[in-house]
Amino acid sequence: MSTPQTPSDYRVTDQVGHLLRRAYQRHTAIFQSVVPANKLSAAQFVVLCAVRDHAGATIADIVQATAMDEPAVRGIVERLKWTDLVSVAHEPGDKRHATVTLTELGRSTVAETLPHAQHISELTFGDLNADERQQLTALLRRISGTA
């Protein structure tokens, strides 16, 4: 166990939250450099994958799968609907309850983007060796409560 830091030892740039945010920012920048922004954002791709993985996904399913907040998911789904990547079916009499499915264009977009996504993960891992990659993934799962 590490020794608690005194106020004079505290460096924000050494804190786990800061380092996680920096790593995420780097990953997002890599995504944007590989996948053209006018094609798909990282968040849109994550939502498309969640819809692909959960047939007839509800907004709540997508929120759970992506760890994004509900308003963000609703906005992303709306934009994906406008670009014909998903279709949204509402329950009769309840506009809030909706199921989301990939369109044919959505399925092909996910399939076309997957090789790029794998390359993006490789670039994000950088020069970490196989053991370090496995350790990092396991530690991130533990920290996020998904282990």
# chains A, B, ... in the order shown; residues from 1 in each chain; ligands from 1
call {"tool": "select_by_dssp", "arguments": {"residues": "stretch 26-133 of chain A", "states": "helix (DSSP H, G or I)", "output": "PyMOL selection string"}}
result
chain A and resi 26-34+42-53+59-66+70-82+104-125+130-133
call {"tool": "residues_around", "arguments": {"residues": "A:Gly56", "least_positions_apart": "4", "cutoff": "6 Å", "atoms": "only C-alpha atoms", "output": "list in words"}}
result
Thr99, Val100 and Thr101 of chain A
call {"tool": "closest_residue", "arguments": {"among": "A:Leu140, A:Val34, A:Leu20, A:Ala67", "to": "A:Leu123", "atoms": "only C-alpha atoms"}}
result
A:Val34
call {"tool": "closest_residue", "arguments": {"among": "A:Glu122, A:Gln32, A:Lys39, A:Gln64", "to": "A:Thr83", "atoms": "only C-alpha atoms"}}
result
A:Lys39
call {"tool": "closest_residue", "arguments": {"among": "A:Met68, A:Leu128, A:Val86, A:Ala42", "to": "A:Ile30", "atoms": "only C-alpha atoms"}}
result
A:Ala42
call {"tool": "closest_residue", "arguments": {"among": "A:Thr58, A:Thr103, A:His116, A:Ser108", "to": "A:Glu91", "atoms": "only C-alpha atoms"}}
result
A:Thr58
call {"tool": "select_by_dssp", "arguments": {"residues": "chain A", "states": "strand (DSSP E)", "output": "PyMOL selection string"}}
result
chain A and resi 57-58+86-91+94-102
call {"tool": "residues_around", "arguments": {"residues": "A:Ala98", "least_positions_apart": "6", "cutoff": "12 Å", "atoms": "only C-alpha atoms", "output": "PDB file with N, CA and C atoms, in the first residue's frame"}}
result
ATOM      1  N   GLY A  56     -32.435  -5.162 -30.927  1.00  0.00           N
ATOM      2  CA  GLY A  56     -33.595  -4.458 -30.406  1.00  0.00           C
ATOM      3  C   GLY A  56     -33.275  -3.677 -29.155  1.00  0.00           C
ATOM      4  N   ALA A  57     -32.110  -3.028 -29.134  1.00  0.00           N
ATOM      5  CA  ALA A  57     -31.638  -2.312 -27.954  1.00  0.00           C
ATOM      6  C   ALA A  57     -32.550  -1.153 -27.601  1.00  0.00           C
ATOM      7  N   THR A  58     -32.767  -0.984 -26.319  1.00  0.00           N
ATOM      8  CA  THR A  58     -33.451   0.208 -25.825  1.00  0.00           C
ATOM      9  C   THR A  58     -32.376   1.246 -25.495  1.00  0.00           C
ATOM     10  N   ILE A  59     -32.790   2.471 -25.268  1.00  0.00           N
ATOM     11  CA  ILE A  59     -31.846   3.511 -24.850  1.00  0.00           C
ATOM     12  C   ILE A  59     -31.144   3.075 -23.566  1.00  0.00           C
ATOM     13  N   ALA A  60     -31.891   2.482 -22.637  1.00  0.00           N
ATOM     14  CA  ALA A  60     -31.295   2.004 -21.378  1.00  0.00           C
ATOM     15  C   ALA A  60     -30.229   0.938 -21.638  1.00  0.00           C
ATOM     16  N   ASP A  61     -30.470   0.035 -22.596  1.00  0.00           N
ATOM     17  CA  ASP A  61     -29.474  -0.986 -22.950  1.00  0.00           C
ATOM     18  C   ASP A  61     -28.188  -0.325 -23.458  1.00  0.00           C
ATOM     19  N   ILE A  62     -28.369   0.692 -24.291  1.00  0.00           N
ATOM     20  CA  ILE A  62     -27.212   1.373 -24.873  1.00  0.00           C
ATOM     21  C   ILE A  62     -26.452   2.134 -23.790  1.00  0.00           C
ATOM     22  N   ARG A  74     -29.186   9.545 -26.271  1.00  0.00           N
ATOM     23  CA  ARG A  74     -30.344   9.972 -27.072  1.00  0.00           C
ATOM     24  C   ARG A  74     -29.916  10.889 -28.222  1.00  0.00           C
ATOM     25  N   VAL A  77     -28.061   8.752 -30.857  1.00  0.00           N
ATOM     26  CA  VAL A  77     -29.026   7.923 -31.600  1.00  0.00           C
ATOM     27  C   VAL A  77     -29.791   8.788 -32.599  1.00  0.00           C
ATOM     28  N   GLU A  78     -30.166   9.987 -32.182  1.00  0.00           N
ATOM     29  CA  GLU A  78     -30.894  10.887 -33.090  1.00  0.00           C
ATOM     30  C   GLU A  78     -30.041  11.229 -34.320  1.00  0.00           C
ATOM     31  N   VAL A  86     -29.162   3.974 -38.086  1.00  0.00           N
ATOM     32  CA  VAL A  86     -30.041   3.205 -37.202  1.00  0.00           C
ATOM     33  C   VAL A  86     -31.485   3.560 -37.524  1.00  0.00           C
ATOM     34  N   SER A  87     -32.364   2.654 -37.139  1.00  0.00           N
ATOM     35  CA  SER A  87     -33.790   2.960 -37.172  1.00  0.00           C
ATOM     36  C   SER A  87     -34.300   2.884 -35.739  1.00  0.00           C
ATOM     37  N   VAL A  88     -35.291   3.698 -35.458  1.00  0.00           N
ATOM     38  CA  VAL A  88     -35.840   3.779 -34.103  1.00  0.00           C
ATOM     39  C   VAL A  88     -37.336   3.516 -34.185  1.00  0.00           C
ATOM     40  N   ALA A  89     -37.787   2.549 -33.405  1.00  0.00           N
ATOM     41  CA  ALA A  89     -39.216   2.228 -33.344  1.00  0.00           C
ATOM     42  C   ALA A  89     -39.718   2.566 -31.944  1.00  0.00           C
ATOM     43  N   HIS A  90     -40.794   3.326 -31.883  1.00  0.00           N
ATOM     44  CA  HIS A  90     -41.376   3.731 -30.600  1.00  0.00           C
ATOM     45  C   HIS A  90     -42.562   2.839 -30.271  1.00  0.00           C
ATOM     46  N   GLU A  91     -42.733   2.608 -28.967  1.00  0.00           N
ATOM     47  CA  GLU A  91     -43.907   1.883 -28.500  1.00  0.00           C
ATOM     48  C   GLU A  91     -45.134   2.748 -28.760  1.00  0.00           C
ATOM     49  N   PRO A  92     -46.225   2.170 -29.204  1.00  0.00           N
ATOM     50  CA  PRO A  92     -47.437   2.979 -29.410  1.00  0.00           C
ATOM     51  C   PRO A  92     -47.827   3.697 -28.115  1.00  0.00           C
TER      52      PRO A  92
END
call {"tool": "closest_residue", "arguments": {"among": "A:Leu102, A:Ala117, A:His18, A:Ala130", "to": "A:Ala55", "atoms": "only C-alpha atoms"}}
result
A:Leu102
